[in-house]
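A.B. asks: Input structure: coords_37.txt, which contains compact mmCIF, C-alpha atoms.
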```txt
# COMPACT_ATOMS: atom_id res chain seq x y z
CA MET A 683 -92.50 -100.72 81.70
CA VAL A 684 -91.91 -96.98 81.75
CA GLU A 685 -90.75 -97.20 85.36
CA TRP A 686 -88.24 -99.84 84.38
CA TYR A 687 -86.74 -97.64 81.67
CA TYR A 688 -86.44 -94.76 84.13
CA GLU A 689 -84.76 -97.08 86.59
CA MET A 690 -82.30 -98.02 83.88
CA ALA A 691 -81.77 -94.43 82.87
CA ARG A 692 -80.84 -93.56 86.44
CA ALA A 693 -78.54 -96.54 86.87
CA SER A 694 -74.85 -96.43 86.09
CA SER A 695 -73.59 -98.22 82.99
CA LYS A 696 -72.30 -101.14 85.07
CA GLN A 697 -75.70 -101.65 86.62
CA LEU A 698 -77.34 -101.40 83.20
CA GLU A 699 -75.89 -104.66 81.98
CA SER A 700 -77.30 -106.67 84.87
CA LEU A 701 -80.65 -104.87 84.68
CA VAL A 702 -81.01 -105.67 81.00
CA SER A 703 -80.05 -109.34 81.40
CA GLU A 704 -82.41 -109.60 84.39
CA LYS A 705 -85.20 -108.25 82.19
CA MET A 706 -84.26 -110.74 79.47
CA ARG A 707 -84.60 -113.64 81.90
CA GLN A 708 -88.07 -112.44 82.79
CA SER A 709 -89.02 -112.14 79.13
CA LYS A 710 -91.86 -114.26 77.81
CA TYR A 711 -90.14 -114.57 74.45
CA PRO A 712 -86.54 -115.64 75.09
CA GLU A 713 -86.12 -116.44 71.38
CA ARG A 714 -86.44 -112.75 70.61
CA ALA A 715 -84.01 -111.74 73.33
CA GLY A 716 -81.42 -110.39 70.87
CA GLU A 717 -83.92 -108.14 69.15
CA ARG A 718 -85.30 -106.92 72.47
CA MET A 719 -81.82 -106.36 73.80
CA ARG A 720 -80.97 -104.08 70.88
CA ALA A 721 -84.27 -102.20 71.23
CA SER A 722 -83.79 -101.80 74.98
CA ALA A 723 -80.21 -100.61 74.58
CA ALA A 724 -81.34 -98.00 72.06
CA LEU A 725 -84.10 -96.81 74.37
CA VAL A 726 -81.76 -96.62 77.32
CA ALA A 727 -79.29 -94.60 75.27
CA ILE A 728 -82.01 -92.14 74.32
CA LEU A 729 -83.39 -91.92 77.84
CA LEU A 730 -79.94 -91.29 79.26
CA PHE A 731 -79.90 -88.03 77.35
CA VAL A 732 -83.48 -86.91 77.76
CA THR A 733 -84.33 -88.23 81.22
CA PRO A 734 -85.34 -85.58 83.77
CA ALA A 735 -82.64 -87.03 86.08
CA ASN A 736 -80.11 -85.11 83.98
CA ALA A 737 -82.13 -81.93 84.20
CA ASP A 738 -82.48 -82.35 87.98
CA GLU A 739 -78.72 -82.48 88.34
CA ALA A 740 -78.34 -79.09 86.69
CA LEU A 741 -81.30 -77.73 88.65
CA ASN A 742 -80.19 -77.47 92.27
CA CYS A 743 -83.36 -76.84 94.26
CA LYS A 744 -81.47 -76.68 97.55
CA ASP A 745 -79.82 -73.51 96.36
CA PRO A 746 -81.42 -72.19 93.15
CA GLN A 747 -79.30 -69.38 91.72
CA ASP A 748 -81.61 -67.56 89.32
CA GLN A 749 -85.26 -66.68 88.85
CA ASN A 750 -85.79 -69.39 86.25
CA SER A 751 -84.44 -72.10 88.57
CA MET A 752 -86.44 -70.78 91.52
CA THR A 753 -89.62 -70.91 89.44
CA GLN A 754 -88.82 -74.43 88.22
CA CYS A 755 -88.14 -75.62 91.77
CA ALA A 756 -91.39 -74.11 93.04
CA ALA A 757 -93.23 -75.79 90.16
CA LEU A 758 -91.62 -79.13 91.09
CA ASP A 759 -92.68 -78.64 94.73
CA PHE A 760 -96.24 -78.05 93.67
CA GLU A 761 -96.22 -80.97 91.25
CA LYS A 762 -95.00 -83.25 94.04
CA ALA A 763 -97.61 -82.04 96.53
CA ASP A 764 -100.39 -82.28 93.95
CA LYS A 765 -99.39 -85.83 93.12
CA ALA A 766 -99.37 -86.74 96.82
CA LEU A 767 -102.84 -85.24 97.28
CA ASN A 768 -104.18 -87.19 94.31
CA GLN A 769 -102.67 -90.34 95.73
CA ILE A 770 -104.33 -90.06 99.13
CA TRP A 771 -107.65 -88.66 97.89
CA PRO A 772 -109.26 -92.06 97.10
CA LYS A 773 -108.65 -93.15 100.71
CA PHE A 774 -110.58 -90.19 102.11
CA LYS A 775 -113.32 -90.64 99.56
CA ALA A 776 -113.61 -94.30 100.57
CA ASP A 777 -113.67 -93.35 104.27
CA ALA A 778 -116.51 -90.88 103.63
CA GLU A 779 -118.45 -93.47 101.67
CA ALA A 780 -117.95 -95.99 104.47
CA SER A 781 -119.33 -93.46 106.99
CA ASP A 782 -122.38 -93.00 104.76
CA LYS A 783 -123.13 -96.72 104.68
CA ASP A 784 -124.98 -96.74 108.02
CA THR A 785 -127.40 -94.00 107.05
CA GLY A 786 -127.81 -94.81 103.38
CA LYS A 787 -127.36 -91.09 102.68
CA THR A 788 -124.40 -89.41 101.00
CA GLU A 789 -123.77 -86.75 103.65
CA TYR A 790 -120.11 -87.52 104.28
CA ALA A 791 -119.23 -87.96 100.62
CA ASP A 792 -121.09 -84.76 99.71
CA ALA A 793 -119.47 -82.79 102.53
CA LEU A 794 -116.00 -84.05 101.59
CA LEU A 795 -116.52 -83.12 97.96
CA ALA A 796 -117.93 -79.72 98.94
CA SER A 797 -114.98 -78.99 101.21
CA GLN A 798 -112.51 -80.11 98.55
CA ARG A 799 -114.13 -77.87 95.94
CA ALA A 800 -114.19 -74.95 98.36
CA TRP A 801 -110.55 -75.61 99.19
CA LEU A 802 -109.58 -75.64 95.50
CA ALA A 803 -111.37 -72.33 94.90
CA PHE A 804 -109.68 -70.93 97.99
CA ARG A 805 -106.25 -72.18 96.91
CA ASP A 806 -106.56 -70.53 93.51
CA ALA A 807 -107.94 -67.24 94.82
CA GLU A 808 -105.45 -67.12 97.69
CA CYS A 809 -102.44 -67.89 95.50
CA ALA A 810 -103.47 -65.39 92.83
CA TRP A 811 -103.49 -62.85 95.66
CA GLN A 812 -100.20 -63.95 97.18
CA ALA A 813 -98.54 -63.79 93.74
CA MET A 814 -99.71 -60.16 93.32
CA GLU A 815 -96.64 -59.15 95.31
CA MET A 816 -94.65 -59.66 92.07
CA HIS A 817 -97.50 -58.92 89.69
CA GLY A 818 -96.35 -58.72 86.09
CA GLY A 819 -92.77 -59.57 87.08
CA SER A 820 -90.76 -62.68 86.36
CA GLY A 821 -91.17 -63.77 89.99
CA GLU A 822 -94.97 -64.00 89.84
CA PRO A 823 -95.12 -67.67 88.70
CA MET A 824 -92.62 -68.61 91.42
CA LEU A 825 -94.84 -67.07 94.09
CA LEU A 826 -97.89 -68.75 92.56
CA TYR A 827 -96.34 -72.24 92.51
CA GLY A 828 -94.82 -71.77 95.96
CA CYS A 829 -98.19 -70.80 97.40
CA GLN A 830 -99.97 -73.68 95.66
CA ALA A 831 -97.36 -76.11 96.99
CA ARG A 832 -97.74 -74.81 100.56
CA LEU A 833 -101.53 -74.85 100.52
CA THR A 834 -101.60 -78.33 98.98
CA GLN A 835 -99.23 -79.66 101.66
CA HIS A 836 -101.42 -78.01 104.27
CA ARG A 837 -104.56 -79.59 102.81
CA ILE A 838 -102.95 -83.03 102.89
CA LYS A 839 -102.16 -82.54 106.57
CA GLN A 840 -105.68 -81.29 107.24
CA LEU A 841 -107.26 -84.30 105.53
CA GLN A 842 -105.02 -86.61 107.54
CA THR A 843 -105.40 -85.07 111.00
CA GLY A 844 -108.75 -83.27 110.83
CA ALA A 845 -109.50 -79.55 110.73
CA SER A 846 -109.15 -78.87 114.45
CA GLU A 847 -105.57 -79.83 115.22
CA MET B 1054 -142.43 -49.50 144.56
CA LYS B 1055 -140.80 -50.35 147.82
CA ALA B 1056 -141.45 -53.99 147.19
CA LEU B 1057 -139.92 -53.71 143.75
CA LEU B 1058 -136.80 -52.01 145.12
CA THR B 1059 -136.49 -54.73 147.68
CA PHE B 1060 -136.89 -57.55 145.27
CA LEU B 1061 -135.13 -56.11 142.23
CA PRO B 1062 -131.58 -56.75 143.48
CA ALA B 1063 -132.60 -60.26 144.38
CA VAL B 1064 -134.12 -60.80 140.95
CA VAL B 1065 -131.02 -59.39 139.28
CA LEU B 1066 -128.78 -61.57 141.42
CA VAL B 1067 -130.75 -64.70 140.73
CA THR B 1068 -130.82 -63.95 137.02
CA LEU B 1069 -127.18 -63.04 136.64
CA SER B 1070 -125.40 -65.22 139.12
CA PRO B 1071 -125.61 -68.54 137.28
CA VAL B 1072 -124.21 -66.93 134.12
CA ALA B 1073 -121.49 -65.10 136.01
CA ARG B 1074 -120.60 -68.18 137.99
CA SER B 1075 -120.47 -70.46 134.99
CA ALA B 1076 -118.33 -67.97 133.05
CA GLU B 1077 -115.97 -67.72 135.99
CA ASN B 1078 -115.81 -71.45 136.57
CA LEU B 1079 -115.78 -72.40 132.91
CA ASP B 1080 -112.77 -74.65 132.50
CA CYS B 1081 -112.12 -74.66 128.79
CA ASN B 1082 -109.13 -76.95 129.17
CA ASN B 1083 -111.49 -79.63 130.35
CA PRO B 1084 -115.14 -78.68 129.71
CA PRO B 1085 -117.33 -81.02 131.80
CA ASP B 1086 -120.43 -81.07 129.58
CA THR B 1087 -121.72 -80.24 126.12
CA ALA B 1088 -123.09 -76.88 127.22
CA SER B 1089 -119.64 -75.89 128.49
CA GLU B 1090 -118.02 -77.27 125.35
CA ASN B 1091 -120.33 -75.09 123.32
CA GLN B 1092 -119.51 -72.02 125.39
CA CYS B 1093 -115.78 -72.69 125.15
CA ALA B 1094 -115.96 -73.19 121.37
CA ASP B 1095 -117.91 -69.92 121.04
CA LEU B 1096 -115.36 -68.09 123.16
CA ALA B 1097 -112.45 -69.50 121.17
CA PHE B 1098 -114.08 -68.56 117.89
CA ALA B 1099 -115.03 -65.07 119.09
CA LYS B 1100 -111.42 -64.47 120.14
CA ALA B 1101 -110.02 -65.70 116.82
CA ASP B 1102 -112.63 -63.77 114.83
CA LYS B 1103 -111.77 -60.55 116.66
CA GLU B 1104 -108.09 -61.07 115.82
CA LEU B 1105 -109.01 -61.77 112.23
CA ASN B 1106 -110.96 -58.51 111.97
CA GLU B 1107 -107.98 -56.63 113.36
CA VAL B 1108 -105.47 -58.12 110.93
CA TRP B 1109 -107.95 -57.92 108.06
CA SER B 1110 -108.29 -54.16 108.36
CA LYS B 1111 -104.50 -53.92 108.01
CA VAL B 1112 -104.53 -56.23 105.00
CA LYS B 1113 -107.23 -54.11 103.37
CA ASP B 1114 -105.25 -50.91 103.94
CA TRP B 1115 -102.16 -52.58 102.52
CA ALA B 1116 -104.06 -53.65 99.38
CA ALA B 1117 -105.46 -50.15 98.93
CA GLN B 1118 -101.98 -48.69 99.26
CA ASN B 1119 -100.61 -51.17 96.70
CA ASP B 1120 -103.35 -50.11 94.30
CA LYS B 1121 -102.45 -46.45 94.79
CA ASP B 1122 -98.78 -47.22 94.07
CA SER B 1123 -99.49 -49.42 91.05
CA ASP B 1124 -99.45 -48.51 87.35
CA LYS B 1125 -103.21 -48.94 87.18
CA PRO B 1126 -104.49 -47.32 90.38
CA GLY B 1127 -108.09 -47.18 89.12
CA ALA B 1128 -108.26 -50.92 88.47
CA HIS B 1129 -108.19 -51.80 92.20
CA GLU B 1130 -106.47 -55.08 91.29
CA TYR B 1131 -104.95 -55.58 94.73
CA ALA B 1132 -108.14 -54.76 96.58
CA ASN B 1133 -110.20 -57.02 94.32
CA THR B 1134 -107.80 -59.97 94.51
CA THR B 1135 -107.49 -59.56 98.28
CA MET B 1136 -111.25 -59.51 98.70
CA ALA B 1137 -111.70 -62.52 96.40
CA ALA B 1138 -109.16 -64.50 98.44
CA GLN B 1139 -110.89 -63.64 101.72
CA ARG B 1140 -114.34 -64.55 100.36
CA ALA B 1141 -113.00 -67.86 99.07
CA TRP B 1142 -111.42 -68.48 102.46
CA LEU B 1143 -114.77 -67.87 104.21
CA ALA B 1144 -116.53 -70.38 101.96
CA TYR B 1145 -113.69 -72.83 102.54
CA ARG B 1146 -113.89 -72.37 106.33
CA ASP B 1147 -117.62 -73.05 106.33
CA ALA B 1148 -117.39 -76.09 104.07
CA VAL B 1149 -114.53 -77.64 106.01
CA CYS B 1150 -116.21 -77.02 109.37
CA ARG B 1151 -119.56 -78.30 108.21
CA GLU B 1152 -117.73 -81.50 107.34
CA ALA B 1153 -115.99 -81.46 110.74
CA GLY B 1154 -119.37 -81.39 112.52
CA LEU B 1155 -120.78 -84.40 110.68
CA PRO B 1156 -119.77 -87.06 113.22
CA MET B 1157 -122.24 -85.41 115.65
CA HIS B 1158 -124.69 -84.26 112.99
CA GLY B 1159 -128.07 -83.34 114.46
CA GLY B 1160 -126.82 -83.93 118.00
CA SER B 1161 -125.85 -81.46 120.69
CA GLY B 1162 -122.18 -82.21 120.05
CA GLU B 1163 -122.27 -80.82 116.52
CA GLY B 1164 -122.08 -77.20 117.70
CA PRO B 1165 -118.80 -77.59 119.61
CA LEU B 1166 -117.23 -79.52 116.73
CA ILE B 1167 -118.13 -76.79 114.24
CA GLY B 1168 -117.20 -74.01 116.68
CA ASN B 1169 -113.79 -75.46 117.49
CA CYS B 1170 -113.10 -76.05 113.81
CA ARG B 1171 -113.99 -72.44 112.96
CA ALA B 1172 -111.83 -71.17 115.79
CA TYR B 1173 -108.91 -73.28 114.61
CA ILE B 1174 -109.21 -72.42 110.91
CA THR B 1175 -109.60 -68.73 111.81
CA GLU B 1176 -106.47 -68.84 113.99
CA GLU B 1177 -104.61 -70.36 111.04
CA ARG B 1178 -105.88 -67.56 108.81
CA VAL B 1179 -104.80 -64.89 111.27
CA LYS B 1180 -101.31 -66.39 111.41
CA SER B 1181 -101.10 -66.62 107.62
CA LEU B 1182 -102.30 -63.01 107.08
CA LYS B 1183 -99.92 -61.69 109.73
CA GLY B 1184 -97.07 -63.49 107.98
CA LEU B 1185 -97.98 -61.93 104.63
CA LEU B 1186 -98.24 -58.36 105.89
CA PRO B 1187 -95.08 -56.33 105.34
CA GLU B 1188 -93.10 -55.64 108.54
```
Can you present the structure in this file as structure tokens?
C.D. replies:
Amino acid sequence: MVEWYYEMARASSKQLESLVSEKMRQSKYPERAGERMRASAALVAILLFVTPANADEALNCKDPQDQNSMTQCAALDFEKADKALNQIWPKFKADAEASDKDTGKTEYADALLASQRAWLAFRDAECAWQAMEMHGGSGEPMLLYGCQARLTQHRIKQLQTGASE
Amino acid sequence: MKALLTFLPAVVLVTLSPVARSAENLDCNNPPDTASENQCADLAFAKADKELNEVWSKVKDWAAQNDKDSDKPGAHEYANTTMAAQRAWLAYRDAVCREAGLPMHGGSGEGPLIGNCRAYITEERVKSLKGLLPE
């Protein structure tokens, strides 16, 4: 449902009409279509103002002009990478568990968890260090997020291709 | 004594030649057996580790200098954070490479897998540290 509202918030006003009527057709309670229509329209109106899509337009991460924007863009990069890592993690966990099936032990699952924990500790220690370059300054969070984004992207690649390529 | 002098070179030759020959003929692009794979992995790691020690001493000096230049020179913040990052990296390297060796766990192939992983992760670390050092 939330995704649908975001889709509507991103759509132009012409597209909105067809999206709403499409949703009405799918509705389980056509008799309450009018009520739902009004509620949806109100929600869309609100979301059009508060949706992050508007904020993204003002925030140009291809060419951020000030420290605040640079920090926000680095934070977005990290958020994106962290989300991607969380999305693929269950696959690697399942692979490790499948490898353990033959032996009845939990060696692969344990080793994967241990390496992930060690990586997390490394990421935090490494990025605290890399951010020291601007210690106490307004650029410190930018360096921190940038480092976390890079190391997270690197970890994703490492999980996908193995640690020796 | 005479006998010893006669035989000693022969003994030395016999003892050393297989090692020397195998080191000379060791083809690490295409190691023919597990023993060679092991040797090649050890060599690759030793090379990377040596490079790491070289760049690490520069990183340590840099951190010490930053501490001297900082507002709180006695706090050793740079040196401590640098050391913490390197220790965390070491633990990470070992955990990741232990995992990398698992497919050959307990077998003779485990050593090369771990060795190659350590060499690779260390090379990555060297590159990263070199990139962070000021020009």
A.B. asks: If I take atom CA of A:Asp777 and atom CA of A:Leu794, how far is one from the other in Å, to one decimal?
C.D. replies: 10.0 Å
A.B. asks: Show me, as JSON lines, the residues of chain B having an atom within 6 Å of chain A, each with the closest atom pair and its distance in Å, using only C-alpha atoms.
C.D. replies:
```
{"residue": "B:Thr1134", "atom": "CA", "partner": "A:Trp811", "partner_atom": "CA", "distance": 5.3}
{"residue": "B:Thr1135", "atom": "CA", "partner": "A:Trp811", "partner_atom": "CA", "distance": 5.8}
{"residue": "B:Ala1138", "atom": "CA", "partner": "A:Glu808", "partner_atom": "CA", "distance": 4.6}
{"residue": "B:Ala1141", "atom": "CA", "partner": "A:Phe804", "partner_atom": "CA", "distance": 4.6}
{"residue": "B:Trp1142", "atom": "CA", "partner": "A:Phe804", "partner_atom": "CA", "distance": 5.4}
{"residue": "B:Tyr1145", "atom": "CA", "partner": "A:Ala800", "partner_atom": "CA", "distance": 4.7}
{"residue": "B:Ala1148", "atom": "CA", "partner": "A:Ser797", "partner_atom": "CA", "distance": 4.7}
{"residue": "B:Val1149", "atom": "CA", "partner": "A:Ser797", "partner_atom": "CA", "distance": 5.0}
{"residue": "B:Glu1152", "atom": "CA", "partner": "A:Ala793", "partner_atom": "CA", "distance": 5.3}
{"residue": "B:Cys1170", "atom": "CA", "partner": "A:Ser846", "partner_atom": "CA", "distance": 4.9}
{"residue": "B:Tyr1173", "atom": "CA", "partner": "A:Ser846", "partner_atom": "CA", "distance": 5.6}
```
A.B. asks: Find the spatial neighbours of B:Val1108, counting only C-alpha atoms, within a cut-off of 9 Å - ignore same-chain residues fewer than 6 positions away - and output them as a PyMOL selection string.
C.D. replies: chain B and resi 1179+1182-1183+1186
A.B. asks: Quick one: everything within 8 Å of B:Asp1147, counting all atoms listed in the file, minus sequence neighbours fewer than 4 positions away in the same chain. Send it as a PyMOL selection string.
C.D. replies: chain B and resi 1143+1151+1171
A.B. asks: Is it possible to get the residues within 12 Å of (-112.2, -68.4, 122.0) (coordinates as in the file, counting only C-alpha atoms) written as a list in words?
C.D. replies: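 Residues found, by chain and rising number: Cys1081, Asn1082, Glu1090, Asn1091, Gln1092, Cys1093, Ala1094, Asp1095, Leu1096, Ala1097, Phe1098, Ala1099, Lys1100, Ala1101, Asp1102, Lys1103, Glu1104, Pro1165, Gly1168, Asn1169, Cys1170, Arg1171, Ala1172, Tyr1173, Thr1175 and Glu1176 of chain B.
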A.B. asks: For A:Leu758, please output as a list in words all residues within 10 Å (counting all atoms listed in the file; exclusion window: fewer than 3 positions along the same chain).
C.D. replies: Cys743, Met752, Thr753, Gln754, Cys755, Glu761, Lys762, Ala763, Asp764, Tyr827, Gly828 and Ala831 of chain A
A.B. asks: For B:Ser1110, which of B:Ala1153, B:Met1136, B:Ala1128, B:Ala1088 is the closest residue, counting all atoms listed in the file?
C.D. replies: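 Of the candidates, the smallest distance to B:Ser1110 is held by B:Met1136.
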A.B. asks: Select, counting only C-alpha atoms, all protein, DNA and RNA residues no farther than 10 Å from (-121.3, -89.6, 110.7) in file coordinates, and express the selection as a list in words.
C.D. replies: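 Neighbouring residues, ordered by chain and number, come to Ala778, Ala780, Ser781, Asp782, Lys783, Asp784, Thr785, Glu789 and Tyr790 of chain A; Glu1152, Ala1153, Gly1154, Leu1155, Pro1156, Met1157, His1158 and Gly1159 of chain B.
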A.B. asks: Can you work out the spacing between atom CA of B:Lys1125 and atom CA of A:Ala813 in Å, to one decimal?
C.D. replies: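 Distance reported for this atom pair: 16.9 Å.
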